[in-house]
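run_19.txt (compact mmCIF, C-alpha atoms and all ligand atoms) appears below.
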# COMPACT_ATOMS: atom_id res chain seq x y z
CA MET A 38 -97.84 4.10 -26.24
CA PHE A 39 -96.38 5.70 -29.29
CA HIS A 40 -95.83 8.90 -27.29
CA LEU A 41 -94.11 6.97 -24.52
CA ALA A 42 -91.79 5.26 -26.97
CA LYS A 43 -91.13 8.57 -28.66
CA GLY A 44 -90.39 10.18 -25.29
CA LEU A 45 -88.00 7.41 -24.29
CA TYR A 46 -86.26 7.65 -27.61
CA ALA A 47 -85.93 11.42 -27.24
CA SER A 48 -84.44 11.16 -23.74
CA TRP A 49 -82.03 8.45 -24.85
CA ASN A 50 -81.14 10.57 -27.82
CA ARG A 51 -80.49 13.64 -25.67
CA LYS A 52 -77.81 11.72 -23.79
CA GLU A 53 -75.89 10.54 -26.83
CA GLN A 54 -72.26 10.67 -25.74
CA TYR A 55 -69.10 9.83 -27.64
CA SER A 56 -65.65 9.39 -26.18
CA VAL A 57 -62.89 10.98 -28.21
CA LEU A 58 -59.18 10.54 -27.53
CA ILE A 59 -56.77 13.36 -28.34
CA LEU A 60 -53.37 11.88 -29.12
CA GLY A 61 -50.10 13.18 -30.53
CA LEU A 62 -46.53 13.91 -29.48
CA ASP A 63 -45.90 16.22 -26.54
CA ASN A 64 -46.02 19.89 -27.57
CA ALA A 65 -48.26 19.13 -30.58
CA GLY A 66 -51.02 21.31 -29.14
CA LYS A 67 -53.41 18.71 -27.68
CA THR A 68 -54.26 20.61 -24.51
CA THR A 69 -54.62 23.87 -26.44
CA PHE A 70 -57.01 22.09 -28.82
CA LEU A 71 -59.11 20.85 -25.88
CA GLU A 72 -59.15 24.30 -24.24
CA THR A 73 -60.28 25.88 -27.52
CA LEU A 74 -63.04 23.30 -27.84
CA LYS A 75 -64.17 24.11 -24.30
CA LYS A 76 -64.30 27.80 -25.16
CA GLU A 77 -66.31 27.14 -28.31
CA SER A 78 -68.76 25.04 -26.32
CA ALA A 79 -69.24 27.77 -23.74
CA LEU A 80 -70.07 30.15 -26.61
CA SER A 81 -73.04 27.96 -27.39
CA SER A 82 -74.25 28.99 -23.90
CA ARG A 83 -74.83 25.47 -22.67
CA PRO A 84 -73.45 24.19 -19.38
CA LEU A 85 -69.93 22.87 -19.51
CA ASP A 86 -69.44 19.76 -17.41
CA LYS A 87 -65.80 19.80 -16.46
CA ILE A 88 -64.15 16.95 -14.62
CA ALA A 89 -61.18 17.91 -12.47
CA PRO A 90 -57.98 17.05 -14.31
CA THR A 91 -55.71 14.42 -12.87
CA VAL A 92 -51.98 14.30 -13.45
CA GLY A 93 -51.21 13.93 -17.14
CA GLN A 94 -54.85 13.77 -18.15
CA ASN A 95 -57.59 16.29 -18.94
CA VAL A 96 -61.16 15.27 -19.56
CA ALA A 97 -64.09 17.45 -20.55
CA THR A 98 -67.64 16.64 -21.56
CA LEU A 99 -68.75 19.11 -24.20
CA PRO A 100 -72.11 19.96 -25.74
CA LEU A 101 -72.03 20.80 -29.43
CA ALA A 102 -74.06 23.72 -30.76
CA SER A 103 -74.25 22.14 -34.21
CA HIS A 104 -75.48 18.78 -32.81
CA PRO A 105 -77.80 19.51 -29.87
CA GLY A 106 -78.30 15.81 -29.01
CA VAL A 107 -74.60 15.02 -28.80
CA LEU A 108 -72.08 15.23 -25.98
CA LEU A 109 -68.40 14.72 -26.67
CA LYS A 110 -66.35 13.34 -23.82
CA VAL A 111 -62.86 14.39 -24.83
CA TRP A 112 -59.76 12.81 -23.28
CA ASP A 113 -56.37 14.51 -23.47
CA VAL A 114 -54.11 11.83 -22.03
CA GLY A 115 -50.62 13.25 -22.49
CA GLY A 116 -48.10 12.62 -25.24
CA GLN A 117 -44.72 12.23 -23.56
CA GLU A 118 -43.04 8.99 -24.52
CA ALA A 119 -43.62 7.36 -21.11
CA LEU A 120 -47.33 8.14 -21.32
CA ARG A 121 -47.82 6.82 -24.86
CA ALA A 122 -47.63 3.25 -23.56
CA MET A 123 -50.87 3.97 -21.71
CA TRP A 124 -52.82 5.09 -24.76
CA SER A 125 -53.91 1.59 -25.72
CA GLU A 126 -55.72 1.32 -22.36
CA TYR A 127 -58.19 3.87 -23.71
CA TYR A 128 -58.72 2.51 -27.23
CA ALA A 129 -61.45 -0.01 -26.48
CA GLN A 130 -63.55 2.69 -24.82
CA CYS A 131 -63.21 5.37 -27.47
CA HIS A 132 -65.38 6.12 -30.48
CA GLY A 133 -62.95 8.38 -32.28
CA ILE A 134 -59.31 9.49 -32.24
CA VAL A 135 -57.93 12.95 -32.95
CA PHE A 136 -54.21 12.85 -33.66
CA VAL A 137 -52.61 16.28 -33.34
CA VAL A 138 -49.48 17.08 -35.36
CA ASP A 139 -47.23 20.11 -34.87
CA SER A 140 -46.95 21.35 -38.47
CA THR A 141 -43.75 23.26 -37.65
CA ASP A 142 -41.86 20.35 -36.09
CA ARG A 143 -40.09 18.90 -39.13
CA ALA A 144 -37.46 17.24 -36.92
CA ARG A 145 -40.06 15.03 -35.27
CA MET A 146 -42.22 14.21 -38.28
CA ASP A 147 -40.80 10.65 -38.48
CA GLU A 148 -41.44 10.06 -34.79
CA CYS A 149 -44.90 11.43 -35.32
CA ARG A 150 -45.61 9.09 -38.23
CA GLU A 151 -44.29 6.07 -36.32
CA THR A 152 -46.42 6.99 -33.32
CA LEU A 153 -49.55 7.32 -35.42
CA THR A 154 -48.76 4.02 -37.15
CA SER A 155 -48.65 2.27 -33.78
CA VAL A 156 -52.03 3.79 -32.93
CA VAL A 157 -53.77 2.73 -36.12
CA THR A 158 -52.30 -0.78 -36.11
CA ASP A 159 -53.44 -1.50 -32.54
CA ASP A 160 -56.27 -4.07 -32.64
CA GLU A 161 -58.15 -2.29 -29.85
CA ALA A 162 -58.48 0.82 -32.03
CA GLU A 163 -59.71 -1.08 -35.07
CA GLY A 164 -62.43 0.65 -37.06
CA VAL A 165 -62.30 3.87 -35.02
CA PRO A 166 -62.44 7.02 -37.17
CA ILE A 167 -59.13 8.90 -37.14
CA LEU A 168 -58.83 12.64 -37.63
CA MET A 169 -55.32 13.98 -38.12
CA LEU A 170 -54.97 17.66 -37.32
CA ALA A 171 -52.13 19.58 -38.95
CA ASN A 172 -51.97 22.06 -36.07
CA LYS A 173 -50.20 25.43 -35.76
CA GLN A 174 -51.18 26.46 -39.28
CA ASP A 175 -51.09 30.08 -38.08
CA ARG A 176 -47.29 29.91 -37.89
CA PRO A 177 -45.31 31.19 -40.88
CA ASP A 178 -42.79 28.34 -40.51
CA ARG A 179 -45.47 25.66 -40.85
CA MET A 180 -45.26 22.82 -43.33
CA GLU A 181 -47.91 23.04 -46.02
CA ILE A 182 -50.99 20.91 -45.55
CA GLU A 183 -50.29 19.07 -48.83
CA ASP A 184 -46.84 18.00 -47.57
CA ILE A 185 -48.28 16.81 -44.28
CA LYS A 186 -51.00 14.90 -46.12
CA GLU A 187 -48.34 13.19 -48.22
CA ILE A 188 -46.55 12.00 -45.09
CA PHE A 189 -49.69 10.69 -43.47
CA ASN A 190 -51.09 9.10 -46.58
CA GLN A 191 -48.25 6.59 -46.21
CA ILE A 192 -50.17 5.33 -43.20
CA ALA A 193 -53.38 4.96 -45.18
CA ALA A 194 -52.43 1.38 -46.04
CA HIS A 195 -53.04 0.44 -42.39
CA LEU A 196 -56.36 2.18 -42.17
CA GLY A 197 -58.51 -0.33 -44.05
CA ALA A 198 -62.06 0.87 -44.59
CA ARG A 199 -62.17 3.25 -41.65
CA ASP A 200 -62.78 6.97 -41.94
CA SER A 201 -59.73 9.19 -41.83
CA ARG A 202 -58.85 12.71 -42.85
CA VAL A 203 -56.04 15.25 -42.50
CA LEU A 204 -57.33 18.76 -41.76
CA PRO A 205 -55.47 22.05 -41.16
CA VAL A 206 -56.17 23.87 -37.87
CA SER A 207 -54.81 26.41 -35.49
CA SER A 208 -55.76 25.42 -31.96
CA LEU A 209 -54.45 28.77 -30.81
CA THR A 210 -56.60 31.00 -33.03
CA GLY A 211 -59.43 28.46 -33.31
CA GLU A 212 -59.23 28.48 -37.12
CA GLY A 213 -60.62 25.21 -38.51
CA VAL A 214 -61.35 23.70 -35.09
CA LEU A 215 -65.14 23.55 -35.41
CA ASP A 216 -64.93 22.31 -39.00
CA ALA A 217 -62.65 19.51 -37.80
CA ILE A 218 -65.06 18.54 -35.02
CA GLU A 219 -67.94 18.62 -37.48
CA TRP A 220 -66.10 16.12 -39.69
CA LEU A 221 -65.53 13.87 -36.70
CA VAL A 222 -69.06 13.97 -35.28
CA VAL A 223 -70.61 12.98 -38.59
CA ARG A 224 -68.27 9.94 -38.66
CA LEU A 225 -68.92 9.09 -35.00
CA GLU A 226 -72.65 8.98 -35.63
CA ARG A 227 -72.25 7.00 -38.81
CA ASN A 228 -69.76 4.57 -37.26
CA LYS A 229 -71.85 3.91 -34.17
CA ALA A 230 -74.15 1.60 -36.09
CA ASN A 231 -71.22 -0.52 -37.24
CA ARG A 232 -69.45 -1.19 -33.93
CA PRO A 233 -69.98 -4.19 -31.65
CA PRO A 234 -72.40 -3.54 -28.72
CA GLN A 235 -69.69 -3.21 -26.05
CA TYR A 236 -68.41 -0.10 -27.79
CA LYS A 237 -71.74 1.71 -27.98
N1 LIG A 301 -48.74 29.18 -32.89
C1 LIG A 301 -49.41 28.16 -32.34
N2 LIG A 301 -48.98 27.61 -31.19
C2 LIG A 301 -49.69 26.58 -30.69
C3 LIG A 301 -50.84 26.05 -31.33
N3 LIG A 301 -51.31 25.02 -30.58
C4 LIG A 301 -50.48 24.92 -29.53
N4 LIG A 301 -49.50 25.86 -29.58
C5 LIG A 301 -48.42 26.06 -28.61
O1 LIG A 301 -47.63 24.88 -28.55
C6 LIG A 301 -47.18 24.64 -27.21
C7 LIG A 301 -47.64 23.27 -26.76
O2 LIG A 301 -49.06 23.24 -26.67
P1 LIG A 301 -49.81 22.20 -25.73
O3 LIG A 301 -51.27 22.38 -25.98
O4 LIG A 301 -49.34 22.32 -24.33
O5 LIG A 301 -49.30 20.83 -26.36
P2 LIG A 301 -49.53 19.32 -25.83
O6 LIG A 301 -48.27 18.90 -25.17
O7 LIG A 301 -49.76 18.52 -27.07
O8 LIG A 301 -50.70 19.32 -24.91
C8 LIG A 301 -47.77 25.78 -26.38
O9 LIG A 301 -46.78 26.78 -26.27
C9 LIG A 301 -48.94 26.27 -27.21
O10 LIG A 301 -49.24 27.64 -27.00
C10 LIG A 301 -51.26 26.66 -32.56
O11 LIG A 301 -52.25 26.27 -33.20
N5 LIG A 301 -50.51 27.70 -33.01
MG MG A 302 -50.85 18.72 -22.88

Translate the structure described by the file into structure tokens.
Ligand SMILES: Nc1nc2c(ncn2[C@@H]2O[C@H](COP(=O)(O)OP(=O)(O)O)[C@@H](O)[C@H]2O)c(=O)[nH]1
Ligand SMILES: [Mg+2]
Amino acid sequence: MFHLAKGLYASWNRKEQYSVLILGLDNAGKTTFLETLKKESALSSRPLDKIAPTVGQNVATLPLASHPGVLLKVWDVGGQEALRAMWSEYYAQCHGIVFVVDSTDRARMDECRETLTSVVTDDEAEGVPILMLANKQDRPDRMEIEDIKEIFNQIAAHLGARDSRVLPVSSLTGEGVLDAIEWLVVRLERNKANRPPQYK
């Protein structure tokens, strides 16, 4: 009996899957981030379960070498202004949000902050861990991570008790990408216990 229970637990555990939304303005590097994640997953030599992309949306289900029992279902839903209105449709189903920022795009930093504010103040996204990625850190004309943190800390007031972090990455070179995902997965697992049943 104990073995049966243990076996059931193990098989349930093997299928642990979290849905993660990749958001951010158009041109921030969302699709590049997802493609890099796919590449990193393939390196772990486990099968990659790709779902055919539909217009304006890419979805991939990724195994994680560092967390063998975990699958990440990652949604890249498009960041053009017309598509942003659709983001909230996904909030109730997601366990975590990655918000990608183009660290070189000073001209759109205000738009970026306003967009992120509307994400974090949406009731449907309440309590979901938020990871902000200061992307394109490989570029010499990037803003420094400390300056980007200062901008996004202004949003912290809306975040309540939820987990959030700003991390530097280059989706193009892959620098920092796995560290960022590691931060997120730890929070996803920790947060799971605290969410209402319909979100699990
Ligand atoms: N230098 C550099 N360019 C990047 C990086 N991430 C994305 N890009 C470039 O930024 C542009 C937009 O990237 P894309 O992934 O299509 O952005 P999306 O609209 O947010 O999906 C492309 O030309 C990418 O090659 C990065 O980390 N470093
Ligand atoms: Mg894209």

Give me, as a PDB file with C-alpha atoms, in the frame of the given file, the set of residues whose atoms come within 6 Å of any atom of ligand LIG 301 (chain A), counting only C-alpha atoms and all ligand atoms.
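part12.pdb, freshly written:
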ATOM      1  CA  ASP A  63     -45.900  16.220 -26.540  1.00  0.00           C
ATOM      2  CA  ASN A  64     -46.020  19.890 -27.570  1.00  0.00           C
ATOM      3  CA  ALA A  65     -48.260  19.130 -30.580  1.00  0.00           C
ATOM      4  CA  GLY A  66     -51.020  21.310 -29.140  1.00  0.00           C
ATOM      5  CA  LYS A  67     -53.410  18.710 -27.680  1.00  0.00           C
ATOM      6  CA  THR A  68     -54.260  20.610 -24.510  1.00  0.00           C
ATOM      7  CA  THR A  69     -54.620  23.870 -26.440  1.00  0.00           C
ATOM      8  CA  ASN A 172     -51.970  22.060 -36.070  1.00  0.00           C
ATOM      9  CA  LYS A 173     -50.200  25.430 -35.760  1.00  0.00           C
ATOM     10  CA  ASP A 175     -51.090  30.080 -38.080  1.00  0.00           C
ATOM     11  CA  ARG A 176     -47.290  29.910 -37.890  1.00  0.00           C
ATOM     12  CA  SER A 207     -54.810  26.410 -35.490  1.00  0.00           C
ATOM     13  CA  SER A 208     -55.760  25.420 -31.960  1.00  0.00           C
ATOM     14  CA  LEU A 209     -54.450  28.770 -30.810  1.00  0.00           C
TER      15      LEU A 209
END

Per residue of chain A within 12 Å of ligand MG 302 (chain A), what are the shortest atom pair and its distance in Å to one decimal, counting only C-alpha atoms and all ligand atoms, with rows by chain and residue number, as a Markdown table?
| residue | atom | partner | partner_atom | distance |
| --- | --- | --- | --- | --- |
| A:Ile59 | CA | A:MG302 | MG | 9.7 |
| A:Leu60 | CA | A:MG302 | MG | 9.6 |
| A:Gly61 | CA | A:MG302 | MG | 9.5 |
| A:Leu62 | CA | A:MG302 | MG | 9.2 |
| A:Asp63 | CA | A:MG302 | MG | 6.6 |
| A:Asn64 | CA | A:MG302 | MG | 6.8 |
| A:Ala65 | CA | A:MG302 | MG | 8.1 |
| A:Gly66 | CA | A:MG302 | MG | 6.8 |
| A:Lys67 | CA | A:MG302 | MG | 5.4 |
| A:Thr68 | CA | A:MG302 | MG | 4.2 |
| A:Thr69 | CA | A:MG302 | MG | 7.3 |
| A:Phe70 | CA | A:MG302 | MG | 9.2 |
| A:Leu71 | CA | A:MG302 | MG | 9.0 |
| A:Glu72 | CA | A:MG302 | MG | 10.1 |
| A:Pro90 | CA | A:MG302 | MG | 11.3 |
| A:Thr91 | CA | A:MG302 | MG | 11.9 |
| A:Val92 | CA | A:MG302 | MG | 10.5 |
| A:Gly93 | CA | A:MG302 | MG | 7.5 |
| A:Gln94 | CA | A:MG302 | MG | 7.9 |
| A:Asn95 | CA | A:MG302 | MG | 8.2 |
| A:Val96 | CA | A:MG302 | MG | 11.4 |
| A:Trp112 | CA | A:MG302 | MG | 10.7 |
| A:Asp113 | CA | A:MG302 | MG | 7.0 |
| A:Val114 | CA | A:MG302 | MG | 7.7 |
| A:Gly115 | CA | A:MG302 | MG | 5.5 |
| A:Gly116 | CA | A:MG302 | MG | 7.1 |
| A:Gln117 | CA | A:MG302 | MG | 9.0 |
| A:Leu120 | CA | A:MG302 | MG | 11.3 |
| A:Val137 | CA | A:MG302 | MG | 10.9 |

Quick one: axis-aligned box around all listed atoms of range 53-57 of chain A, 4 Å on every side, centre and edge lengths in Å to one decimal, written as AutoDock Vina command-line options.
--center_x -69.4 --center_y 10.2 --center_z -27.0 --size_x 21.0 --size_y 9.6 --size_z 10.5

**Request:** Check the smallest atom-to-atom distance from each of A:Ser201, A:Asn228, A:Ser125, A:Thr210 to Lys76 in chain A using only C-alpha atoms, then report the winner.
**Result:** A:Thr210

**Message:** For Ser78 in chain A, find every residue with an atom within 7 Å (counting all atoms listed in the file), except residues of its own chain fewer than 4 positions away, and show them as number ranges by chain.
**Reply:** A: 74, 99-101

What's around Met169 in chain A at 9 Å? Count all atoms listed in the file, leave out sequence neighbours fewer than 5 positions away in its own chain, and write the answer as a short mmCIF file (atom, residue, chain, number, x, y, z; two decimals) with C-alpha atoms, in the frame of the given file.
data_model
loop_
_atom_site.label_atom_id
_atom_site.label_comp_id
_atom_site.auth_asym_id
_atom_site.auth_seq_id
_atom_site.Cartn_x
_atom_site.Cartn_y
_atom_site.Cartn_z
CA ILE A 134 -59.31 9.49 -32.24
CA VAL A 135 -57.93 12.95 -32.95
CA PHE A 136 -54.21 12.85 -33.66
CA VAL A 137 -52.61 16.28 -33.34
CA VAL A 138 -49.48 17.08 -35.36
CA PHE A 189 -49.69 10.69 -43.47
CA SER A 201 -59.73 9.19 -41.83
CA ARG A 202 -58.85 12.71 -42.85
CA VAL A 203 -56.04 15.25 -42.50
CA LEU A 204 -57.33 18.76 -41.76
CA PRO A 205 -55.47 22.05 -41.16
#

So that I can see what lies close to Ser103 in chain A, please list as a compact mmCIF listing (two decimals) with C-alpha atoms, in the frame of the given file the residues with an atom at most 10 Å from it, counting only C-alpha atoms and leaving out residues fewer than 2 positions away in the same chain.
# COMPACT_ATOMS: atom_id res chain seq x y z
CA SER A 81 -73.04 27.96 -27.39
CA PRO A 100 -72.11 19.96 -25.74
CA LEU A 101 -72.03 20.80 -29.43
CA PRO A 105 -77.80 19.51 -29.87
CA GLY A 106 -78.30 15.81 -29.01
CA VAL A 107 -74.60 15.02 -28.80
CA LEU A 215 -65.14 23.55 -35.41
CA ILE A 218 -65.06 18.54 -35.02
CA GLU A 219 -67.94 18.62 -37.48
CA VAL A 222 -69.06 13.97 -35.28

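Take CA of Glu161 in chain A and CA of Val206 in chain A: the distance between them is 27.4 Å.
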
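Minimum atom-to-atom distance to Leu170 in chain A, evaluated using only C-alpha atoms, belongs to A:Ser140 out of A:Gln130, A:Ser140, A:Thr158, A:Thr98.
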
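Residues with at least one atom no more than 12 Å from (-50.8, 0.3, -39.9), using all atoms listed in the file, are Arg150, Glu151, Thr152, Leu153, Thr154, Ser155, Val156, Val157, Thr158, Asp159, Asp160, Ala162, Glu163, Gly164, Phe189, Asn190, Gln191, Ile192, Ala193, Ala194, His195, Leu196, Gly197 and Arg199 of chain A.
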